[in-house]
Structures are given as structure tokens and as C-alpha cells.
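**Q** Sharing a structure below in C-alpha cells format, with a few things to ask.
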Amino acid sequence: MTTNHRIRLNSRPVGEPKAENYLLDEVDLGSPGDGEVLLRTLYLSLDPYMRGRMSDAKSYAKPVEVGEVMVGATVSEVVESNSSDFSTGDTVLGYGGWQEYSVEKAAHLRRVDPEIAPISTALGVLGMPGFTAYSGLLEIGRPQPGETVAVAAATGPVGSVVGQIAKIKGAKAVGIAGGPDKVAHLDELGFDVALDHRTGNLKNELKESVPQGIDVYFENVGGDVFKAVLPRLNTYARVPVCGLVANYNLTELPEGPDRSGALMGNILTRSLNIRGFIQTEFVEKHHENFLSDMSGWVKEGKVRYREDIRPGLDKAPEYFNDLLTGGNFGKMVVAVGAES
């Protein structure tokens, strides 16, 4: 028997998640059944979508039930295999959640190749966030040479890849981030324009730095950033809506006038295409090409990435709140069974 430490949802949060919303416990974990493998978690991914799974509001995916282990993608080592597809010692990408060990079906796992990049990148640039950027930008944004692509949360694992793919496709990349260090990092990544939304003057800075307007806006944030971007959208602009992290902890609508009429007016008069998406809908069409393209771009240095790796499963709730408030710098990963 293996003792497994895990973090379960103890109660549904109202607003920002608090310590009492989680329960850290331990349980004995048995051997895998037929077609299953026992995994030791090396790295756990923390992603904004997890906040939605803590709520029981209707959404695109089933919520985490109170008492269940918090969901999350993991890079793990195979400890025991009851499947011919994997052997002890293999490194795999799975969905083990917030725990030290998990038993998963072999059919749901993908082998991770450490020769391409560090294995933690299977949770970032070579994993779901990278694929989200790739599929959303190419399927909905469709950037053309010479166009202008803007992206919010531009130093995050999705936004940073969006901007770099835009450059590969011959477009101008405009990154919006929070704080001077993150803005400086956008310059290092090769963004053409890097803006700090925390200055309180984003609307005017966009007008000055992007006089030609914006053809593609990849939305990760919403809130005041979207308000600043909307007037700069060109006719026929495409807006892939990936996330709205500014709203995730809200318990009621923001104060102020109802701006839905103005938004709909802009959509009509400028023929805007605003399209929400969940990356899973594009897996069949794009995932194989993503793995090939992104692996090549990372190897060639055309796409660079930054990771924010922090130690200790027990601190995952603290790290998660940092993520929701922009306290991370790069892809947030928890080192569980690996050194940080």
C-alpha cells in the first residue's frame, strides 16, 4: 500500500478561495487494475479554469464535487503498470489532480519525451496552454501577414505563445501584461509593443502605440483590459475568447452602467467576430499539427517559454490564489515529487 497525500475540495468558495475551502488528507492507495497504471506525481499544473470547477454553476465541464480531489494535469512517473503500453519508470502526461499519487487508465495517458524539452513543459508550452494558444489563434484569430495581433495576460503560458505564433505568421504582436518586469519580458520574447495595464492609462497607450488598430485580439482577461481594447478593434477583427480571469472571483456583476448595448453596437457596426472556445473542441483537427509545429519551434528557439515552478503540494492553494491575481510570472507549476 502507498500512502497518498492529496488536496480535496472541502467547500465551495465565495469570491477568492480560502484555506477552509480545501482539505489536505492522506489515504492508502492500492494497485492498478487491468489497463491501469499507478503514477507518482512529479509536476502539477495550476490553471485559471480550476476556479470554475470549484463552482457548481453550469459550465462546459462537470464541477469538482465537494469531497473530491481537485482536478489538474500532471506529469508523473509510472510506479506500477498493469498495461502493456507503459513500463515502470516511464514519464507520462495525465490528469492526476492535486495529489502525490494517482491511478489512471493507460488509454488516457501520453508519454512525455524528455529529449524535446524539460518534462514540465508538457504542462505548458507543449501541453494544454500551448495548444490553447495554437488552436484558438489559428482557428479563430487567423492572423495574416502584416496584421496586428494583441493579447492580454501576455507573459502567461497562453498569451506568450499567442504573441510568438503571431510573429511566426508575419503579424505584429502587441502584448498587455501587469507590471514593469513582465513588460520587459515581452520585449525579450520579441513582441513589437509591450504595454502595462496597471498604469491606468491603457486606453490612451493603445491609441498611441497601435494607431493602425487591432485585427486579432486574443482575450484572456476581460474587465478593464477589454474595455481599453474594444475601441481599437478594426472592422472584421477576430476575438478568440479563451478566458476572463478578471471575473473569476466576482460574486456579482461589477458596478456601473450596462454596457452591453455599446458592445453589441460595436459588434454590429464593425462586423466583429467574437468567439468563445474551449481547446478540446479543436483536438481532432489541430493537436497532431500542434505537437509537430510547437516541438519544432521550441527546439529552434522560435518559441520561448517561462515557468514559475514552486515547491510543495501543500502550498498549492496559496499558489493558486497567486495565479488568479496575476502573482505568477510564467506557467505556474507545482513541484510535487520533483525538485523545484
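Lettering and numbering for the C-alpha cells are positional, with chains as A, B, ... in the shown order, residues counted from 1 in each chain, and ligands counted from 1 in the shown order.
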Can you tell me, as a PyMOL selection string, what residues are no more than 8 Å from Val71 in chain A when counting only C-alpha atoms, ignoring any on the same chain fewer than 3 positions away?

**A** chain A and resi 50+64+95-98

**Q** Which residues of range 182-251 of chain A have any atom within 9 Å of an atom in range 276-279 of chain A when counting only C-alpha atoms, and what is the closest pair of atoms for each, with the distance in Å to one decimal? Order the rows by chain and rising number and write it as a tab-separated table.

**A**
residue	atom	partner	partner_atom	distance
A:Val239	CA	A:Gly276	CA	8.2
A:Pro240	CA	A:Gly276	CA	5.9
A:Val241	CA	A:Gly276	CA	4.4
A:Cys242	CA	A:Phe277	CA	6.1
A:Gly243	CA	A:Gly276	CA	8.5

**Q** So the first atom is CA of Val333 in chain A and the second is CA of Thr155 in chain A; what is the distance between them in Å, to one decimal place?

**A**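 About the pair CA of Val333 in chain A and CA of Thr155 in chain A: they are 14.8 Å apart.
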
**Q** Please report, as a JSON list (two decimals) with all heavy atoms, in the first residue's frame, each residue of range 170-282 of chain A to which DSSP assigns alpha helix (DSSP H) when run on this structure's backbone.

**A**
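The resulting file, states26.json, is reproduced below:
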[["chain", "number", "residue", "atom", "x", "y", "z"],
["A", 180, "PRO", "N", 6.16, 46.26, -14.64],
["A", 180, "PRO", "CA", 7.32, 46.53, -15.50],
["A", 180, "PRO", "C", 8.17, 45.31, -15.80],
["A", 180, "PRO", "O", 8.73, 45.20, -16.89],
["A", 180, "PRO", "CB", 8.11, 47.59, -14.72],
["A", 180, "PRO", "CG", 7.61, 47.50, -13.31],
["A", 180, "PRO", "CD", 6.20, 47.07, -13.41],
["A", 181, "ASP", "N", 8.29, 44.38, -14.85],
["A", 181, "ASP", "CA", 9.10, 43.17, -15.11],
["A", 181, "ASP", "C", 8.49, 42.33, -16.22],
["A", 181, "ASP", "O", 9.19, 41.81, -17.09],
["A", 181, "ASP", "CB", 9.24, 42.34, -13.84],
["A", 181, "ASP", "CG", 10.13, 43.00, -12.80],
["A", 181, "ASP", "OD1", 10.88, 43.92, -13.17],
["A", 181, "ASP", "OD2", 10.05, 42.62, -11.62],
["A", 182, "LYS", "N", 7.18, 42.19, -16.19],
["A", 182, "LYS", "CA", 6.51, 41.41, -17.22],
["A", 182, "LYS", "C", 6.57, 42.12, -18.57],
["A", 182, "LYS", "O", 6.75, 41.47, -19.62],
["A", 182, "LYS", "CB", 5.07, 41.12, -16.82],
["A", 182, "LYS", "CG", 4.96, 40.19, -15.62],
["A", 182, "LYS", "CD", 3.51, 39.86, -15.28],
["A", 182, "LYS", "CE", 3.44, 38.88, -14.11],
["A", 182, "LYS", "NZ", 2.05, 38.52, -13.75],
["A", 183, "VAL", "N", 6.44, 43.42, -18.57],
["A", 183, "VAL", "CA", 6.55, 44.18, -19.82],
["A", 183, "VAL", "C", 7.95, 44.01, -20.41],
["A", 183, "VAL", "O", 8.11, 43.83, -21.62],
["A", 183, "VAL", "CB", 6.22, 45.66, -19.58],
["A", 183, "VAL", "CG1", 6.60, 46.51, -20.80],
["A", 183, "VAL", "CG2", 4.73, 45.82, -19.27],
["A", 184, "ALA", "N", 8.96, 44.05, -19.57],
["A", 184, "ALA", "CA", 10.33, 43.86, -20.05],
["A", 184, "ALA", "C", 10.50, 42.46, -20.65],
["A", 184, "ALA", "O", 11.22, 42.28, -21.64],
["A", 184, "ALA", "CB", 11.32, 44.07, -18.91],
["A", 185, "HIS", "N", 9.84, 41.48, -20.06],
["A", 185, "HIS", "CA", 9.94, 40.11, -20.59],
["A", 185, "HIS", "C", 9.31, 40.01, -21.98],
["A", 185, "HIS", "O", 9.80, 39.25, -22.83],
["A", 185, "HIS", "CB", 9.25, 39.14, -19.63],
["A", 185, "HIS", "CG", 9.36, 37.70, -20.04],
["A", 185, "HIS", "ND1", 10.56, 37.06, -20.25],
["A", 185, "HIS", "CD2", 8.39, 36.76, -20.29],
["A", 185, "HIS", "CE1", 10.35, 35.81, -20.60],
["A", 185, "HIS", "NE2", 9.04, 35.60, -20.65],
["A", 186, "LEU", "N", 8.26, 40.76, -22.22],
["A", 186, "LEU", "CA", 7.65, 40.77, -23.55],
["A", 186, "LEU", "C", 8.63, 41.27, -24.60],
["A", 186, "LEU", "O", 8.66, 40.77, -25.73],
["A", 186, "LEU", "CB", 6.38, 41.62, -23.56],
["A", 186, "LEU", "CG", 5.21, 41.09, -22.73],
["A", 186, "LEU", "CD1", 4.04, 42.06, -22.78],
["A", 186, "LEU", "CD2", 4.78, 39.72, -23.21],
["A", 187, "ASP", "N", 9.44, 42.26, -24.23],
["A", 187, "ASP", "CA", 10.48, 42.73, -25.16],
["A", 187, "ASP", "C", 11.47, 41.60, -25.44],
["A", 187, "ASP", "O", 11.91, 41.42, -26.59],
["A", 187, "ASP", "CB", 11.21, 43.94, -24.55],
["A", 187, "ASP", "CG", 10.32, 45.18, -24.48],
["A", 187, "ASP", "OD1", 9.41, 45.30, -25.33],
["A", 187, "ASP", "OD2", 10.54, 46.02, -23.59],
["A", 188, "GLU", "N", 11.81, 40.83, -24.41],
["A", 188, "GLU", "CA", 12.75, 39.72, -24.60],
["A", 188, "GLU", "C", 12.17, 38.65, -25.53],
["A", 188, "GLU", "O", 12.91, 38.00, -26.27],
["A", 188, "GLU", "CB", 13.07, 39.09, -23.24],
["A", 188, "GLU", "CG", 13.81, 40.01, -22.27],
["A", 188, "GLU", "CD", 13.90, 39.42, -20.88],
["A", 188, "GLU", "OE1", 13.37, 38.30, -20.67],
["A", 188, "GLU", "OE2", 14.49, 40.06, -19.98],
["A", 189, "LEU", "N", 10.86, 38.48, -25.50],
["A", 189, "LEU", "CA", 10.20, 37.49, -26.34],
["A", 189, "LEU", "C", 10.00, 37.97, -27.78],
["A", 189, "LEU", "O", 9.57, 37.19, -28.63],
["A", 189, "LEU", "CB", 8.84, 37.09, -25.75],
["A", 189, "LEU", "CG", 8.87, 36.33, -24.42],
["A", 189, "LEU", "CD1", 7.45, 36.06, -23.93],
["A", 189, "LEU", "CD2", 9.64, 35.02, -24.54],
["A", 202, "LEU", "N", -4.15, 52.52, -20.12],
["A", 202, "LEU", "CA", -4.00, 51.58, -21.22],
["A", 202, "LEU", "C", -4.73, 52.03, -22.47],
["A", 202, "LEU", "O", -4.22, 51.88, -23.59],
["A", 202, "LEU", "CB", -4.51, 50.20, -20.78],
["A", 202, "LEU", "CG", -4.44, 49.08, -21.84],
["A", 202, "LEU", "CD1", -3.00, 48.86, -22.30],
["A", 202, "LEU", "CD2", -5.03, 47.79, -21.29],
["A", 203, "LYS", "N", -5.91, 52.61, -22.32],
["A", 203, "LYS", "CA", -6.68, 53.03, -23.50],
["A", 203, "LYS", "C", -5.90, 54.02, -24.34],
["A", 203, "LYS", "O", -5.81, 53.87, -25.57],
["A", 203, "LYS", "CB", -8.01, 53.64, -23.05],
["A", 203, "LYS", "CG", -8.91, 54.05, -24.21],
["A", 203, "LYS", "CD", -10.25, 54.57, -23.69],
["A", 203, "LYS", "CE", -11.15, 55.00, -24.84],
["A", 203, "LYS", "NZ", -12.47, 55.50, -24.35],
["A", 204, "ASN", "N", -5.31, 55.03, -23.71],
["A", 204, "ASN", "CA", -4.54, 56.04, -24.45],
["A", 204, "ASN", "C", -3.24, 55.45, -24.99],
["A", 204, "ASN", "O", -2.81, 55.80, -26.10],
["A", 204, "ASN", "CB", -4.25, 57.25, -23.57],
["A", 204, "ASN", "CG", -5.49, 58.06, -23.28],
["A", 204, "ASN", "OD1", -6.43, 58.10, -24.09],
["A", 204, "ASN", "ND2", -5.53, 58.71, -22.12],
["A", 205, "GLU", "N", -2.60, 54.57, -24.23],
["A", 205, "GLU", "CA", -1.36, 53.97, -24.69],
["A", 205, "GLU", "C", -1.59, 53.08, -25.92],
["A", 205, "GLU", "O", -0.75, 53.04, -26.82],
["A", 205, "GLU", "CB", -0.71, 53.17, -23.56],
["A", 205, "GLU", "CG", -0.18, 54.05, -22.44],
["A", 205, "GLU", "CD", 0.37, 53.26, -21.27],
["A", 205, "GLU", "OE1", 0.18, 52.02, -21.25],
["A", 205, "GLU", "OE2", 0.97, 53.87, -20.37],
["A", 206, "LEU", "N", -2.71, 52.39, -25.95],
["A", 206, "LEU", "CA", -3.04, 51.61, -27.14],
["A", 206, "LEU", "C", -3.28, 52.51, -28.34],
["A", 206, "LEU", "O", -2.83, 52.22, -29.45],
["A", 206, "LEU", "CB", -4.30, 50.77, -26.87],
["A", 206, "LEU", "CG", -4.11, 49.45, -26.12],
["A", 206, "LEU", "CD1", -5.45, 48.89, -25.69],
["A", 206, "LEU", "CD2", -3.36, 48.43, -26.97],
["A", 207, "LYS", "N", -3.96, 53.62, -28.12],
["A", 207, "LYS", "CA", -4.23, 54.55, -29.21],
["A", 207, "LYS", "C", -2.94, 55.09, -29.80],
["A", 207, "LYS", "O", -2.80, 55.24, -31.03],
["A", 207, "LYS", "CB", -5.11, 55.70, -28.71],
["A", 207, "LYS", "CG", -5.55, 56.67, -29.79],
["A", 207, "LYS", "CD", -6.50, 57.71, -29.22],
["A", 207, "LYS", "CE", -6.97, 58.67, -30.30],
["A", 207, "LYS", "NZ", -7.91, 59.68, -29.77],
["A", 208, "GLU", "N", -1.96, 55.38, -28.93],
["A", 208, "GLU", "CA", -0.69, 55.95, -29.39],
["A", 208, "GLU", "C", 0.21, 54.90, -30.04],
["A", 208, "GLU", "O", 0.86, 55.16, -31.05],
["A", 208, "GLU", "CB", 0.04, 56.59, -28.21],
["A", 208, "GLU", "CG", -0.66, 57.81, -27.64],
["A", 208, "GLU", "CD", -0.01, 58.31, -26.36],
["A", 208, "GLU", "OE1", 1.01, 57.70, -25.95],
["A", 208, "GLU", "OE2", -0.53, 59.26, -25.76],
["A", 209, "SER", "N", 0.25, 53.71, -29.46],
["A", 209, "SER", "CA", 1.21, 52.70, -29.92],
["A", 209, "SER", "C", 0.66, 51.80, -31.02],
["A", 209, "SER", "O", 1.44, 51.14, -31.73],
["A", 209, "SER", "CB", 1.67, 51.83, -28.74],
["A", 209, "SER", "OG", 0.58, 51.19, -28.14],
["A", 223, "GLY", "N", -12.68, 42.41, -18.27],
["A", 223, "GLY", "CA", -12.63, 43.56, -17.37],
["A", 223, "GLY", "C", -12.14, 44.83, -18.04],
["A", 223, "GLY", "O", -12.47, 45.13, -19.20],
["A", 224, "ASP", "N", -11.33, 45.59, -17.32],
["A", 224, "ASP", "CA", -10.86, 46.88, -17.82],
["A", 224, "ASP", "C", -9.95, 46.76, -19.03],
["A", 224, "ASP", "O", -9.88, 47.68, -19.84],
["A", 224, "ASP", "CB", -10.11, 47.62, -16.70],
["A", 224, "ASP", "CG", -11.04, 48.08, -15.58],
["A", 224, "ASP", "OD1", -12.25, 48.23, -15.85],
["A", 224, "ASP", "OD2", -10.57, 48.29, -14.45],
["A", 225, "VAL", "N", -9.24, 45.63, -19.16],
["A", 225, "VAL", "CA", -8.38, 45.45, -20.33],
["A", 225, "VAL", "C", -9.23, 45.39, -21.60],
["A", 225, "VAL", "O", -8.93, 46.04, -22.61],
["A", 225, "VAL", "CB", -7.51, 44.19, -20.19],
["A", 225, "VAL", "CG1", -6.72, 43.95, -21.46],
["A", 225, "VAL", "CG2", -6.56, 44.33, -19.00],
["A", 226, "PHE", "N", -10.32, 44.64, -21.55],
["A", 226, "PHE", "CA", -11.19, 44.56, -22.74],
["A", 226, "PHE", "C", -11.80, 45.92, -23.05],
["A", 226, "PHE", "O", -11.94, 46.31, -24.23],
["A", 226, "PHE", "CB", -12.29, 43.53, -22.54],
["A", 226, "PHE", "CG", -13.21, 43.41, -23.73],
["A", 226, "PHE", "CD1", -12.77, 42.84, -24.90],
["A", 226, "PHE", "CD2", -14.50, 43.91, -23.67],
["A", 226, "PHE", "CE1", -13.61, 42.74, -26.02],
["A", 226, "PHE", "CE2", -15.35, 43.81, -24.77],
["A", 226, "PHE", "CZ", -14.89, 43.24, -25.94],
["A", 227, "LYS", "N", -12.18, 46.67, -22.03],
["A", 227, "LYS", "CA", -12.75, 48.00, -22.25],
["A", 227, "LYS", "C", -11.76, 48.89, -23.01],
["A", 227, "LYS", "O", -12.16, 49.71, -23.85],
["A", 227, "LYS", "CB", -13.12, 48.65, -20.92],
["A", 227, "LYS", "CG", -14.27, 48.00, -20.20],
["A", 227, "LYS", "CD", -14.51, 48.68, -18.86],
["A", 227, "LYS", "CE", -15.56, 47.96, -18.04],
["A", 227, "LYS", "NZ", -15.74, 48.58, -16.70],
["A", 228, "ALA", "N", -10.47, 48.76, -22.70],
["A", 228, "ALA", "CA", -9.45, 49.57, -23.36],
["A", 228, "ALA", "C", -9.19, 49.11, -24.79],
["A", 228, "ALA", "O", -8.90, 49.92, -25.68],
["A", 228, "ALA", "CB", -8.15, 49.54, -22.55],
["A", 229, "VAL", "N", -9.31, 47.82, -25.02],
["A", 229, "VAL", "CA", -9.01, 47.26, -26.34],
["A", 229, "VAL", "C", -10.15, 47.48, -27.33],
["A", 229, "VAL", "O", -9.93, 47.74, -28.52],
["A", 229, "VAL", "CB", -8.71, 45.75, -26.22],
["A", 229, "VAL", "CG1", -8.65, 45.09, -27.60],
["A", 229, "VAL", "CG2", -7.39, 45.53, -25.48],
["A", 260, "SER", "N", -23.74, 46.55, -22.30],
["A", 260, "SER", "CA", -23.99, 45.52, -23.30],
["A", 260, "SER", "C", -24.48, 46.11, -24.62],
["A", 260, "SER", "O", -24.14, 45.61, -25.70],
["A", 260, "SER", "CB", -25.00, 44.51, -22.77],
["A", 260, "SER", "OG", -26.22, 45.14, -22.41],
["A", 261, "GLY", "N", -25.26, 47.20, -24.55],
["A", 261, "GLY", "CA", -25.73, 47.84, -25.77],
["A", 261, "GLY", "C", -24.58, 48.39, -26.60],
["A", 261, "GLY", "O", -24.57, 48.25, -27.83],
["A", 262, "ALA", "N", -23.60, 49.02, -25.93],
["A", 262, "ALA", "CA", -22.44, 49.56, -26.65],
["A", 262, "ALA", "C", -21.61, 48.44, -27.26],
["A", 262, "ALA", "O", -21.11, 48.56, -28.38],
["A", 262, "ALA", "CB", -21.59, 50.38, -25.69],
["A", 263, "LEU", "N", -21.46, 47.33, -26.52],
["A", 263, "LEU", "CA", -20.71, 46.19, -27.05],
["A", 263, "LEU", "C", -21.40, 45.64, -28.29],
["A", 263, "LEU", "O", -20.75, 45.42, -29.33],
["A", 263, "LEU", "CB", -20.59, 45.10, -25.99],
["A", 263, "LEU", "CG", -20.00, 43.77, -26.46],
["A", 263, "LEU", "CD1", -18.58, 43.96, -26.99],
["A", 263, "LEU", "CD2", -20.01, 42.74, -25.33],
["A", 264, "MET", "N", -22.70, 45.42, -28.22],
["A", 264, "MET", "CA", -23.42, 44.89, -29.36],
["A", 264, "MET", "C", -23.38, 45.85, -30.54],
["A", 264, "MET", "O", -23.30, 45.43, -31.71],
["A", 264, "MET", "CB", -24.87, 44.58, -28.97],
["A", 264, "MET", "CG", -25.01, 43.48, -27.94],
["A", 264, "MET", "SD", -24.29, 41.91, -28.46],
["A", 264, "MET", "CE", -25.45, 41.43, -29.73],
["A", 265, "GLY", "N", -23.39, 47.14, -30.24],
["A", 265, "GLY", "CA", -23.28, 48.13, -31.31],
["A", 265, "GLY", "C", -21.95, 48.04, -32.03],
["A", 265, "GLY", "O", -21.89, 48.15, -33.27],
["A", 266, "ASN", "N", -20.88, 47.85, -31.28],
["A", 266, "ASN", "CA", -19.56, 47.70, -31.88],
["A", 266, "ASN", "C", -19.47, 46.42, -32.71],
["A", 266, "ASN", "O", -18.88, 46.40, -33.79],
["A", 266, "ASN", "CB", -18.49, 47.68, -30.79],
["A", 266, "ASN", "CG", -18.06, 49.07, -30.36],
["A", 266, "ASN", "OD1", -17.34, 49.76, -31.07],
["A", 266, "ASN", "ND2", -18.52, 49.48, -29.18],
["A", 267, "ILE", "N", -20.05, 45.34, -32.20],
["A", 267, "ILE", "CA", -20.05, 44.08, -32.94],
["A", 267, "ILE", "C", -20.76, 44.26, -34.28],
["A", 267, "ILE", "O", -20.29, 43.79, -35.33],
["A", 267, "ILE", "CB", -20.72, 42.97, -32.12],
["A", 267, "ILE", "CG1", -19.87, 42.63, -30.88],
["A", 267, "ILE", "CG2", -20.94, 41.72, -32.96],
["A", 267, "ILE", "CD1", -20.53, 41.68, -29.91],
["A", 268, "LEU", "N", -21.87, 44.99, -34.26],
["A", 268, "LEU", "CA", -22.65, 45.19, -35.48],
["A", 268, "LEU", "C", -21.95, 46.12, -36.47],
["A", 268, "LEU", "O", -21.76, 45.76, -37.64],
["A", 268, "LEU", "CB", -24.02, 45.76, -35.11],
["A", 268, "LEU", "CG", -24.91, 46.18, -36.29],
["A", 268, "LEU", "CD1", -25.24, 44.99, -37.17],
["A", 268, "LEU", "CD2", -26.19, 46.85, -35.78],
["A", 269, "THR", "N", -21.55, 47.30, -36.02],
["A", 269, "THR", "CA", -21.05, 48.31, -36.95],
["A", 269, "THR", "C", -19.67, 48.00, -37.50],
["A", 269, "THR", "O", -19.31, 48.47, -38.58],
["A", 269, "THR", "CB", -21.03, 49.70, -36.28],
["A", 269, "THR", "OG1", -20.20, 49.66, -35.11],
["A", 269, "THR", "CG2", -22.44, 50.13, -35.90]]

**Q** Write out as an MDAnalysis selection string all residues of range 77-155 of chain A that backbone DSSP assigns to strand (DSSP E or B).

**A** chainID A and resid 77:81 91:94 99 101:105 110:111 148:152

**Q** Residues of the last selection are to be written out with N, CA, C and O atoms, as a PDB file, in the first residue's frame.

**A**
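File written: result_13.pdb
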ATOM      1  N   GLU A  77       5.598   9.848 -12.989  1.00  0.00           N
ATOM      2  CA  GLU A  77       6.425   8.673 -13.249  1.00  0.00           C
ATOM      3  C   GLU A  77       5.597   7.419 -12.994  1.00  0.00           C
ATOM      4  O   GLU A  77       4.873   7.333 -11.992  1.00  0.00           O
ATOM      5  N   VAL A  78       5.681   6.462 -13.908  1.00  0.00           N
ATOM      6  CA  VAL A  78       4.970   5.205 -13.725  1.00  0.00           C
ATOM      7  C   VAL A  78       5.668   4.390 -12.637  1.00  0.00           C
ATOM      8  O   VAL A  78       6.849   4.060 -12.746  1.00  0.00           O
ATOM      9  N   VAL A  79       4.930   4.095 -11.567  1.00  0.00           N
ATOM     10  CA  VAL A  79       5.447   3.307 -10.453  1.00  0.00           C
ATOM     11  C   VAL A  79       5.120   1.827 -10.636  1.00  0.00           C
ATOM     12  O   VAL A  79       5.930   0.948 -10.348  1.00  0.00           O
ATOM     13  N   GLU A  80       3.927   1.559 -11.110  1.00  0.00           N
ATOM     14  CA  GLU A  80       3.489   0.183 -11.339  1.00  0.00           C
ATOM     15  C   GLU A  80       2.533   0.188 -12.520  1.00  0.00           C
ATOM     16  O   GLU A  80       1.642   1.052 -12.608  1.00  0.00           O
ATOM     17  N   SER A  81       2.720  -0.737 -13.433  1.00  0.00           N
ATOM     18  CA  SER A  81       1.889  -0.756 -14.638  1.00  0.00           C
ATOM     19  C   SER A  81       1.157  -2.075 -14.776  1.00  0.00           C
ATOM     20  O   SER A  81       1.736  -3.148 -14.599  1.00  0.00           O
ATOM     21  N   THR A  91       7.739   8.307 -18.148  1.00  0.00           N
ATOM     22  CA  THR A  91       7.204   9.612 -17.778  1.00  0.00           C
ATOM     23  C   THR A  91       6.000   9.903 -18.657  1.00  0.00           C
ATOM     24  O   THR A  91       6.079   9.790 -19.879  1.00  0.00           O
ATOM     25  N   VAL A  92       4.885  10.284 -18.024  1.00  0.00           N
ATOM     26  CA  VAL A  92       3.644  10.444 -18.776  1.00  0.00           C
ATOM     27  C   VAL A  92       2.920  11.729 -18.381  1.00  0.00           C
ATOM     28  O   VAL A  92       3.083  12.251 -17.277  1.00  0.00           O
ATOM     29  N   LEU A  93       2.120  12.211 -19.323  1.00  0.00           N
ATOM     30  CA  LEU A  93       1.209  13.324 -19.072  1.00  0.00           C
ATOM     31  C   LEU A  93      -0.165  12.745 -18.785  1.00  0.00           C
ATOM     32  O   LEU A  93      -0.684  11.943 -19.567  1.00  0.00           O
ATOM     33  N   GLY A  94      -0.734  13.109 -17.656  1.00  0.00           N
ATOM     34  CA  GLY A  94      -2.045  12.610 -17.281  1.00  0.00           C
ATOM     35  C   GLY A  94      -2.872  13.689 -16.610  1.00  0.00           C
ATOM     36  O   GLY A  94      -2.626  14.886 -16.778  1.00  0.00           O
ATOM     37  N   GLN A  99      -2.581  15.645  -5.993  1.00  0.00           N
ATOM     38  CA  GLN A  99      -2.210  14.559  -5.091  1.00  0.00           C
ATOM     39  C   GLN A  99      -0.848  13.997  -5.497  1.00  0.00           C
ATOM     40  O   GLN A  99      -0.368  14.229  -6.601  1.00  0.00           O
ATOM     41  N   TYR A 101       0.039  10.725  -5.624  1.00  0.00           N
ATOM     42  CA  TYR A 101      -0.072   9.518  -6.446  1.00  0.00           C
ATOM     43  C   TYR A 101      -1.467   9.471  -7.064  1.00  0.00           C
ATOM     44  O   TYR A 101      -2.430  10.044  -6.525  1.00  0.00           O
ATOM     45  N   SER A 102      -1.574   8.781  -8.169  1.00  0.00           N
ATOM     46  CA  SER A 102      -2.886   8.579  -8.785  1.00  0.00           C
ATOM     47  C   SER A 102      -2.877   7.264  -9.547  1.00  0.00           C
ATOM     48  O   SER A 102      -1.818   6.778  -9.965  1.00  0.00           O
ATOM     49  N   VAL A 103      -4.050   6.698  -9.711  1.00  0.00           N
ATOM     50  CA  VAL A 103      -4.237   5.526 -10.568  1.00  0.00           C
ATOM     51  C   VAL A 103      -5.062   5.988 -11.760  1.00  0.00           C
ATOM     52  O   VAL A 103      -6.169   6.519 -11.586  1.00  0.00           O
ATOM     53  N   GLU A 104      -4.504   5.809 -12.962  1.00  0.00           N
ATOM     54  CA  GLU A 104      -5.193   6.291 -14.158  1.00  0.00           C
ATOM     55  C   GLU A 104      -5.225   5.202 -15.223  1.00  0.00           C
ATOM     56  O   GLU A 104      -4.375   4.304 -15.252  1.00  0.00           O
ATOM     57  N   LYS A 105      -6.192   5.323 -16.102  1.00  0.00           N
ATOM     58  CA  LYS A 105      -6.285   4.400 -17.235  1.00  0.00           C
ATOM     59  C   LYS A 105      -5.178   4.704 -18.234  1.00  0.00           C
ATOM     60  O   LYS A 105      -4.952   5.862 -18.588  1.00  0.00           O
ATOM     61  N   ARG A 110      -0.357  10.128 -22.082  1.00  0.00           N
ATOM     62  CA  ARG A 110       0.537  10.344 -23.227  1.00  0.00           C
ATOM     63  C   ARG A 110       1.971  10.365 -22.723  1.00  0.00           C
ATOM     64  O   ARG A 110       2.293  11.051 -21.750  1.00  0.00           O
ATOM     65  N   ARG A 111       2.834   9.604 -23.388  1.00  0.00           N
ATOM     66  CA  ARG A 111       4.241   9.545 -22.991  1.00  0.00           C
ATOM     67  C   ARG A 111       4.907  10.899 -23.245  1.00  0.00           C
ATOM     68  O   ARG A 111       4.667  11.548 -24.257  1.00  0.00           O
ATOM     69  N   THR A 148      -2.237  43.083 -37.109  1.00  0.00           N
ATOM     70  CA  THR A 148      -1.840  43.333 -35.726  1.00  0.00           C
ATOM     71  C   THR A 148      -2.624  42.411 -34.789  1.00  0.00           C
ATOM     72  O   THR A 148      -3.856  42.391 -34.820  1.00  0.00           O
ATOM     73  N   VAL A 149      -1.881  41.651 -33.989  1.00  0.00           N
ATOM     74  CA  VAL A 149      -2.469  40.723 -33.021  1.00  0.00           C
ATOM     75  C   VAL A 149      -2.142  41.223 -31.617  1.00  0.00           C
ATOM     76  O   VAL A 149      -0.974  41.421 -31.277  1.00  0.00           O
ATOM     77  N   ALA A 150      -3.171  41.435 -30.802  1.00  0.00           N
ATOM     78  CA  ALA A 150      -2.973  41.820 -29.409  1.00  0.00           C
ATOM     79  C   ALA A 150      -3.424  40.687 -28.508  1.00  0.00           C
ATOM     80  O   ALA A 150      -4.342  39.931 -28.847  1.00  0.00           O
ATOM     81  N   VAL A 151      -2.776  40.574 -27.356  1.00  0.00           N
ATOM     82  CA  VAL A 151      -3.127  39.512 -26.420  1.00  0.00           C
ATOM     83  C   VAL A 151      -2.979  40.012 -24.995  1.00  0.00           C
ATOM     84  O   VAL A 151      -2.031  40.728 -24.669  1.00  0.00           O
ATOM     85  N   ALA A 152      -3.948  39.678 -24.163  1.00  0.00           N
ATOM     86  CA  ALA A 152      -3.899  40.019 -22.742  1.00  0.00           C
ATOM     87  C   ALA A 152      -3.232  38.897 -21.964  1.00  0.00           C
ATOM     88  O   ALA A 152      -3.128  37.769 -22.446  1.00  0.00           O
TER      89      ALA A 152
END

**Q** Could you produce a table of the residues of range 128-242 of chain A lying within 7 Å of range 289-312 of chain A, with the nearest pair of atoms per residue and their separation in Å rounded to one decimal, using only C-alpha atoms, ordered by chain and increasing residue number, as a tab-separated table?

**A**
residue	atom	partner	partner_atom	distance
A:Phe131	CA	A:Phe290	CA	6.5
A:Tyr134	CA	A:Phe290	CA	6.9
A:Val161	CA	A:Val303	CA	6.9
A:Gln164	CA	A:Val303	CA	6.0
A:Leu189	CA	A:Arg304	CA	6.9

**Q** Pick out the closest residue to Gly124 in chain A from this set: A:Gln144, A:Ser45, A:Gln212, A:Ser87. Count only C-alpha atoms.

**A**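 Among the listed residues, the smallest separation from Gly124 in chain A belongs to A:Ser45.
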
**Q** Using only C-alpha atoms, determine which residues lie at most 8 Å from Ser135 in chain A, disregarding the query and same-chain residues fewer than 2 positions distant; provide the list as a ChimeraX atom specification.

**A** /A:131-133,137-140,279,282,286,290
